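Engineer: Pasting query21.txt below, which is compact mmCIF, C-alpha atoms and all ligand atoms.
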# COMPACT_ATOMS: atom_id res chain seq x y z
CA MET A 1 5.66 18.42 8.13
CA ASN A 2 2.73 20.75 7.90
CA THR A 3 0.57 19.13 10.52
CA GLU A 4 0.75 17.61 13.96
CA ARG A 5 1.28 13.90 13.71
CA SER A 6 -2.08 13.20 15.29
CA GLY A 7 -3.97 15.57 12.96
CA ARG A 8 -5.20 15.28 9.43
CA ALA A 9 -2.62 15.15 6.67
CA ALA A 10 -2.04 18.40 4.82
CA PRO A 11 -0.55 18.98 1.36
CA GLY A 12 3.21 18.81 1.53
CA ASP A 13 3.37 15.99 4.06
CA ARG A 14 5.98 13.38 3.19
CA PHE A 15 5.19 9.71 2.79
CA ALA A 16 7.36 6.70 2.05
CA VAL A 17 5.81 3.98 -0.10
CA GLY A 18 7.37 0.59 -0.71
CA PHE A 19 6.23 -1.64 -3.57
CA THR A 20 7.09 -5.28 -2.88
CA GLY A 21 6.50 -8.54 -4.69
CA GLY A 22 2.97 -9.26 -3.53
CA SER A 23 0.22 -9.44 -6.09
CA GLY A 24 -1.89 -6.28 -6.35
CA ILE A 25 0.58 -3.67 -7.57
CA ALA A 26 -2.50 -1.74 -8.74
CA TYR A 27 -3.17 -0.85 -5.09
CA GLY A 28 0.29 0.66 -4.72
CA LEU A 29 0.11 2.54 -8.02
CA ARG A 30 -3.25 4.05 -7.14
CA LEU A 31 -2.10 4.96 -3.64
CA VAL A 32 0.92 6.86 -4.93
CA GLU A 33 -1.20 8.55 -7.59
CA VAL A 34 -3.72 9.80 -5.02
CA LEU A 35 -1.02 10.93 -2.57
CA LEU A 36 0.61 12.96 -5.35
CA GLN A 37 -2.73 14.34 -6.54
CA GLU A 38 -3.42 15.52 -2.99
CA GLY A 39 -0.17 17.47 -3.01
CA HIS A 40 1.92 15.16 -0.85
CA GLU A 41 5.56 14.29 -1.30
CA VAL A 42 6.13 10.60 -1.99
CA HIS A 43 9.39 8.71 -1.55
CA LEU A 44 8.99 5.52 -3.53
CA CYS A 45 11.11 2.39 -3.60
CA ALA A 46 10.39 -0.98 -5.18
CA THR A 47 11.91 -4.38 -4.58
CA HIS A 48 13.14 -6.46 -7.51
CA ALA A 49 10.16 -8.76 -7.09
CA ALA A 50 7.83 -5.75 -7.30
CA GLY A 51 9.45 -5.03 -10.65
CA ARG A 52 8.51 -8.51 -11.82
CA VAL A 53 4.94 -8.09 -10.56
CA LEU A 54 4.72 -4.78 -12.44
CA VAL A 55 5.63 -6.65 -15.62
CA HIS A 56 3.05 -9.40 -15.02
CA GLU A 57 0.18 -7.33 -13.66
CA ALA A 58 0.56 -3.93 -15.26
CA GLY A 59 2.50 -4.70 -18.43
CA PHE A 60 5.37 -2.38 -17.54
CA GLN A 61 8.89 -3.26 -18.60
CA LEU A 62 11.38 -1.89 -16.11
CA ASP A 63 15.13 -1.86 -16.26
CA LEU A 64 15.75 -3.29 -12.81
CA GLN A 65 19.20 -1.72 -12.65
CA ARG A 66 17.71 1.74 -13.23
CA PRO A 67 13.94 1.34 -12.87
CA ASP A 68 11.96 4.28 -14.22
CA LEU A 69 9.21 4.14 -11.63
CA ALA A 70 8.51 7.84 -12.13
CA GLY A 71 7.37 6.98 -15.65
CA LEU A 72 4.42 5.14 -14.13
CA PHE A 73 2.79 8.44 -13.13
CA ALA A 74 1.46 11.38 -15.11
CA ALA A 75 4.09 14.06 -15.73
CA PRO A 76 2.46 16.82 -13.62
CA LEU A 77 2.47 14.53 -10.58
CA ARG A 78 6.14 13.63 -10.79
CA GLN A 79 7.30 16.92 -9.31
CA ARG A 80 6.68 15.65 -5.79
CA LEU A 81 7.77 12.06 -6.47
CA PHE A 82 11.21 10.87 -5.37
CA VAL A 83 12.18 7.41 -6.56
CA HIS A 84 14.97 5.71 -4.67
CA ALA A 85 17.05 2.68 -5.56
CA LEU A 86 16.61 -0.39 -3.40
CA ASP A 87 20.15 -0.15 -2.07
CA ALA A 88 20.03 3.62 -1.45
CA VAL A 89 20.56 3.38 2.28
CA GLU A 90 21.34 7.09 2.47
CA ALA A 91 17.96 8.08 0.93
CA THR A 92 15.36 10.11 2.84
CA PRO A 93 13.24 7.17 4.12
CA ALA A 94 16.32 5.55 5.66
CA SER A 95 16.59 8.16 8.38
CA GLY A 96 14.37 8.83 11.35
CA SER A 97 15.21 12.51 11.10
CA ALA A 98 13.50 12.80 7.69
CA GLY A 99 10.18 13.48 9.42
CA LEU A 100 8.05 11.24 7.25
CA ARG A 101 4.40 11.27 8.18
CA ALA A 102 3.89 7.56 7.43
CA THR A 103 5.41 4.59 5.65
CA ILE A 104 3.23 2.25 3.62
CA LEU A 105 4.24 -1.12 2.16
CA CYS A 106 1.69 -1.74 -0.57
CA PRO A 107 1.43 -4.46 -1.64
CA CYS A 108 3.49 -6.27 0.98
CA SER A 109 4.85 -9.72 0.18
CA MET A 110 5.12 -12.36 2.86
CA GLY A 111 8.89 -12.21 2.43
CA THR A 112 9.14 -8.49 3.19
CA LEU A 113 6.56 -8.90 5.95
CA ALA A 114 8.76 -11.51 7.63
CA ARG A 115 11.92 -9.47 7.26
CA VAL A 116 10.29 -6.32 8.65
CA ALA A 117 8.79 -8.28 11.55
CA HIS A 118 12.28 -9.46 12.44
CA GLY A 119 14.20 -6.24 11.79
CA PHE A 120 16.34 -7.33 8.85
CA SER A 121 16.50 -3.88 7.16
CA SER A 122 18.35 -5.49 4.25
CA ASN A 123 17.14 -2.93 1.70
CA LEU A 124 15.59 0.55 1.66
CA VAL A 125 11.98 -0.71 1.81
CA GLU A 126 12.67 -2.77 4.93
CA ARG A 127 14.79 0.00 6.46
CA ALA A 128 12.00 2.56 5.91
CA ALA A 129 9.58 0.27 7.75
CA ASP A 130 12.12 -0.30 10.53
CA VAL A 131 12.58 3.46 10.90
CA ALA A 132 8.81 4.02 11.15
CA LEU A 133 8.61 1.44 13.94
CA LYS A 134 11.54 2.84 15.91
CA GLU A 135 10.30 6.42 15.53
CA GLY A 136 6.74 5.51 16.51
CA ARG A 137 5.42 6.81 13.20
CA PRO A 138 2.56 5.13 11.33
CA LEU A 139 3.60 1.99 9.46
CA LEU A 140 0.90 0.52 7.22
CA ILE A 141 1.41 -2.97 5.90
CA VAL A 142 -0.88 -4.12 3.09
CA PRO A 143 -0.23 -7.86 2.91
CA ARG A 144 -1.45 -9.96 0.00
CA GLU A 145 -1.42 -13.72 0.20
CA THR A 146 -3.93 -16.49 0.50
CA PRO A 147 -4.21 -18.85 2.25
CA LEU A 148 -2.13 -17.62 5.17
CA SER A 149 0.26 -19.96 7.00
CA VAL A 150 0.78 -19.84 10.75
CA LEU A 151 4.10 -18.12 10.08
CA HIS A 152 2.41 -15.40 8.02
CA LEU A 153 -0.17 -14.85 10.76
CA GLN A 154 2.49 -14.79 13.47
CA ASN A 155 4.49 -12.19 11.56
CA MET A 156 1.39 -10.04 11.12
CA LEU A 157 0.57 -10.36 14.81
CA ALA A 158 4.13 -9.41 15.74
CA LEU A 159 3.92 -6.28 13.58
CA ALA A 160 0.50 -5.34 14.94
CA GLN A 161 1.85 -5.75 18.47
CA MET A 162 4.70 -3.40 17.57
CA GLY A 163 2.18 -0.78 16.50
CA ALA A 164 2.03 -1.35 12.75
CA ILE A 165 -1.35 -1.20 11.05
CA VAL A 166 -1.95 -4.44 9.19
CA LEU A 167 -4.45 -3.65 6.46
CA PRO A 168 -4.88 -6.67 4.19
CA ALA A 169 -5.77 -6.11 0.55
CA MET A 170 -9.33 -7.37 1.10
CA PRO A 171 -11.87 -5.27 -0.80
CA GLY A 172 -15.44 -5.27 0.44
CA PHE A 173 -18.41 -5.76 -1.84
CA TYR A 174 -21.19 -3.91 -0.01
CA HIS A 175 -20.78 -0.91 -2.29
CA ARG A 176 -21.59 -3.23 -5.23
CA PRO A 177 -18.48 -2.69 -7.29
CA THR A 178 -18.74 -3.33 -11.01
CA THR A 179 -15.15 -2.57 -12.00
CA VAL A 180 -11.70 -3.61 -10.84
CA GLN A 181 -10.95 0.07 -10.27
CA GLU A 182 -13.71 0.24 -7.66
CA LEU A 183 -12.21 -2.75 -5.83
CA VAL A 184 -8.78 -1.13 -5.91
CA ASP A 185 -10.20 2.17 -4.70
CA PHE A 186 -11.96 0.42 -1.81
CA VAL A 187 -8.64 -0.79 -0.42
CA VAL A 188 -6.81 2.46 -1.16
CA GLY A 189 -9.65 4.36 0.52
CA LYS A 190 -9.11 2.27 3.66
CA ILE A 191 -5.41 3.13 3.57
CA LEU A 192 -6.18 6.84 3.18
CA ASP A 193 -8.61 6.64 6.10
CA ARG A 194 -5.83 5.34 8.33
CA LEU A 195 -3.48 8.04 7.03
CA ARG A 196 -6.16 10.61 7.88
CA ILE A 197 -6.35 11.85 4.32
CA GLU A 198 -9.74 13.04 3.07
CA HIS A 199 -10.93 11.25 -0.06
CA THR A 200 -13.95 10.39 -2.13
CA LEU A 201 -12.71 7.09 -3.51
CA THR A 202 -15.61 5.14 -2.03
CA ARG A 203 -19.07 5.97 -0.80
CA ARG A 204 -19.38 5.99 2.99
CA TRP A 205 -21.71 3.42 4.49
CA GLN A 206 -25.01 4.80 5.73
CA THR A 207 -27.90 3.16 7.55
CA PRO A 208 -29.85 1.43 4.78
CA PRO A 209 -33.45 2.61 4.24
CA LYS A 210 -36.10 0.40 5.87
CA SER A 211 -37.25 -1.28 2.70
CA PRO A 212 -37.22 -4.89 1.56
CA PRO A 213 -33.84 -6.01 0.21
CA PRO A 214 -33.51 -5.74 -3.57
CA THR A 215 -34.32 -8.91 -5.43
CA SER A 216 -31.55 -11.35 -6.13
CA PRO A 217 -31.30 -13.57 -9.22
CA TYR A 218 -32.62 -16.42 -7.08
CA ASP A 219 -35.92 -14.56 -6.56
CA GLU A 220 -36.51 -14.66 -10.28
CA GLY A 221 -36.83 -18.39 -10.47
CA GLU A 222 -33.19 -19.36 -10.89
CA THR A 223 -31.95 -22.17 -8.71
CA PRO A 224 -28.56 -22.05 -7.03
C1 LIG A 301 3.18 -12.28 -10.34
C2 LIG A 301 3.62 -12.60 -8.95
C3 LIG A 301 2.72 -12.52 -7.92
C4 LIG A 301 3.11 -12.79 -6.60
N1 LIG A 301 2.20 -12.69 -5.61
C5 LIG A 301 2.59 -12.81 -4.34
C6 LIG A 301 1.67 -12.54 -3.28
O1 LIG A 301 0.50 -12.21 -3.48
N2 LIG A 301 2.14 -12.63 -2.00
C7 LIG A 301 3.44 -12.96 -1.72
O2 LIG A 301 3.80 -12.98 -0.55
N3 LIG A 301 4.33 -13.26 -2.71
C8 LIG A 301 3.94 -13.17 -4.00
N4 LIG A 301 4.83 -13.41 -5.01
C9 LIG A 301 6.17 -13.92 -4.67
C10 LIG A 301 7.11 -12.81 -4.20
O3 LIG A 301 7.27 -11.85 -5.21
C11 LIG A 301 8.45 -13.44 -3.80
O4 LIG A 301 8.32 -14.18 -2.62
C12 LIG A 301 9.56 -12.42 -3.65
O5 LIG A 301 10.75 -13.07 -3.24
C13 LIG A 301 9.23 -11.34 -2.63
O6 LIG A 301 10.32 -10.45 -2.60
P1 LIG A 301 10.22 -9.03 -1.88
O7 LIG A 301 9.66 -9.26 -0.53
O8 LIG A 301 11.66 -8.58 -1.84
O9 LIG A 301 9.42 -8.12 -2.73
C14 LIG A 301 4.46 -13.15 -6.34
C15 LIG A 301 5.37 -13.22 -7.38
C16 LIG A 301 4.96 -12.93 -8.68
C17 LIG A 301 5.96 -12.98 -9.79
If you convert what's in this file into structure tokens, what do you get?
Structural biologist:
Amino acid sequence: MNTERSGRAAPGDRFAVGFTGGSGIAYGLRLVEVLLQEGHEVHLCATHAAGRVLVHEAGFQLDLQRPDLAGLFAAPLRQRLFVHALDAVEATPASGSAGLRATILCPCSMGTLARVAHGFSSNLVERAADVALKEGRPLLIVPRETPLSVLHLQNMLALAQMGAIVLPAMPGFYHRPTTVQELVDFVVGKILDRLRIEHTLTRRWQTPPKSPPPTSPYDEGETP
């Protein structure tokens, strides 16, 4: 690692990213893209369900026996991308000695969330999360589900109590997004903030000027 764990990330830092079967694979794809663009090393692993979500949400067809996840990213970025099979228990993210700066599950299904909260480590994604917890390294969970059951909430609480950062895929709207990309970037920007990675994906909030609020459609005679 190039930096102290408490400091800002520097190019060359290593991150583990797990794609799981929650909706919102666009968040994970954008996160990996930005990490690679910023010069970081990314160790990527996807669950089988994530492969299905990729088909449904991004139109990618993956051979689940030999998924070409690297093909999802522009060629110049792939140099620092390491894609691992789900059962590759000897891969870099499986060991605490690998010195990963952080592990991010994005998106995180309720199934993986539950298994991580209870230490199953039944595949490389879950093992990477387990390693982050035991090593006291940042673990970011980006859950996506609605509504949330008591079990989902309890699992999130358990992970938060263990030190994980639970960062739900909940874009804000105060920057007045007009595209899906802006909504995706809002969430990815929040992840990067927690990873202490500088970015310009979203505008920072500033004290609004003391002027009357802009008119809404209702001010122009429309009724709700
Ligand atoms: C298109 C699609 C969207 C899904 N969205 C979600 C979701 O938002 N949250 C969730 O917990 N599960 C969702 N699921 C179901 C999970 O993929 C499923 O529970 C799977 O077993 C999770 O496996 P994994 O944790 O190994 O990735 C979705 C499935 C599909 C096919």
Engineer: Can you list every residue of chain A that has an atom at most 6 Å from ligand LIG 301 (chain A), with its nearest atom pair and the distance in Å to one decimal, using only C-alpha atoms and all ligand atoms, ordered by chain then number, as CSV?
Structural biologist:
residue,atom,partner,partner_atom,distance
A:Thr20,CA,A:LIG301,O9,3.7
A:Gly21,CA,A:LIG301,O3,3.4
A:Gly22,CA,A:LIG301,C6,3.5
A:Ser23,CA,A:LIG301,O1,3.8
A:Thr47,CA,A:LIG301,O9,4.9
A:Ala49,CA,A:LIG301,O9,4.5
A:Ala50,CA,A:LIG301,O9,5.4
A:Arg52,CA,A:LIG301,C17,5.5
A:Val53,CA,A:LIG301,C1,4.5
A:His56,CA,A:LIG301,C1,5.5
A:Ser109,CA,A:LIG301,O2,3.5
A:Met110,CA,A:LIG301,O2,3.7
A:Gly111,CA,A:LIG301,O7,4.2
A:Thr112,CA,A:LIG301,O7,3.8
A:Arg144,CA,A:LIG301,O1,4.6
A:Glu145,CA,A:LIG301,N2,4.3
Engineer: Figure out the distance between atom CA of A:Val166 and atom CA of A:Lys190, please, to one decimal in Å.
Structural biologist: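 If I compute the distance from atom CA of A:Lys190 to atom CA of A:Val166, I get 11.3 Å.
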Engineer: Atom CA of A:Leu159 to atom CA of A:Gly51: how many Å, to one decimal?
Structural biologist: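 Distance reported for this atom pair: 24.9 Å.
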Engineer: Using Å and a single decimal, report how far atom CA of A:Val142 sits from atom CA of A:Leu167.
Structural biologist: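 Distance reported for this atom pair: 4.9 Å.
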Engineer: For A:Glu126, which residue out of A:Gly12, A:Gly99, A:Pro143, A:Pro93 is the nearest one, using all atoms listed in the file?
Structural biologist: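 Of A:Gly12, A:Gly99, A:Pro143, A:Pro93, the one nearest A:Glu126 is A:Pro93, counting all atoms listed in the file.
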Engineer: Using all atoms listed in the file, find the one residue out of A:Pro147, A:Gly96, A:Gly71, A:Gly163 that sits nearest to A:Val131.
Structural biologist: A:Gly96
Engineer: List every protein, DNA or RNA residue with an atom no more than 12 Å from (6.9, 3.7, 11.0) in the file's coordinates, counting all atoms listed in the file, and format the result as a PyMOL selection string.
Structural biologist: chain A and resi 5+15-17+93-96+98-105+116+125-141+159-160+162-165+195
Engineer: May I have the protein, DNA and RNA residues with an atom at most 8 Å from (1.9, 14.3, 2.3), counting only C-alpha atoms in the file's coordinates, returned as a list in words?
Structural biologist: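 Here is the list of nearby residues: Ala9, Ala10, Pro11, Gly12, Asp13, Arg14, Phe15, Leu35, Leu36, Glu38, Gly39, His40, Glu41, Val42 and Arg101 of chain A.
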Engineer: For A:Thr200, which residue among A:Val34, A:Asp68, A:Tyr27, A:Leu183 is the nearest when counting only C-alpha atoms?
Structural biologist: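 For A:Thr200, the nearest of the given residues is A:Val34.
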Engineer: Of the residues A:Phe186, A:Gln154, A:Thr146, A:Ile197, which is the one nearest to A:Gln37, using only C-alpha atoms?
Structural biologist: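 Nearest to A:Gln37: A:Ile197.
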Engineer: Using all atoms listed in the file, which residue out of A:Glu33, A:Leu44, A:Ser121, A:Ile25 lies closest to A:Ala169?
Structural biologist: A:Ile25
Engineer: Please list as a VMD selection string every residue within 12 Å of A:Ala74, counting all atoms listed in the file and excluding residues in the same chain fewer than 2 positions away.
Structural biologist: chain A and resid 29 to 30 32 to 34 36 to 37 69 to 72 76 to 81
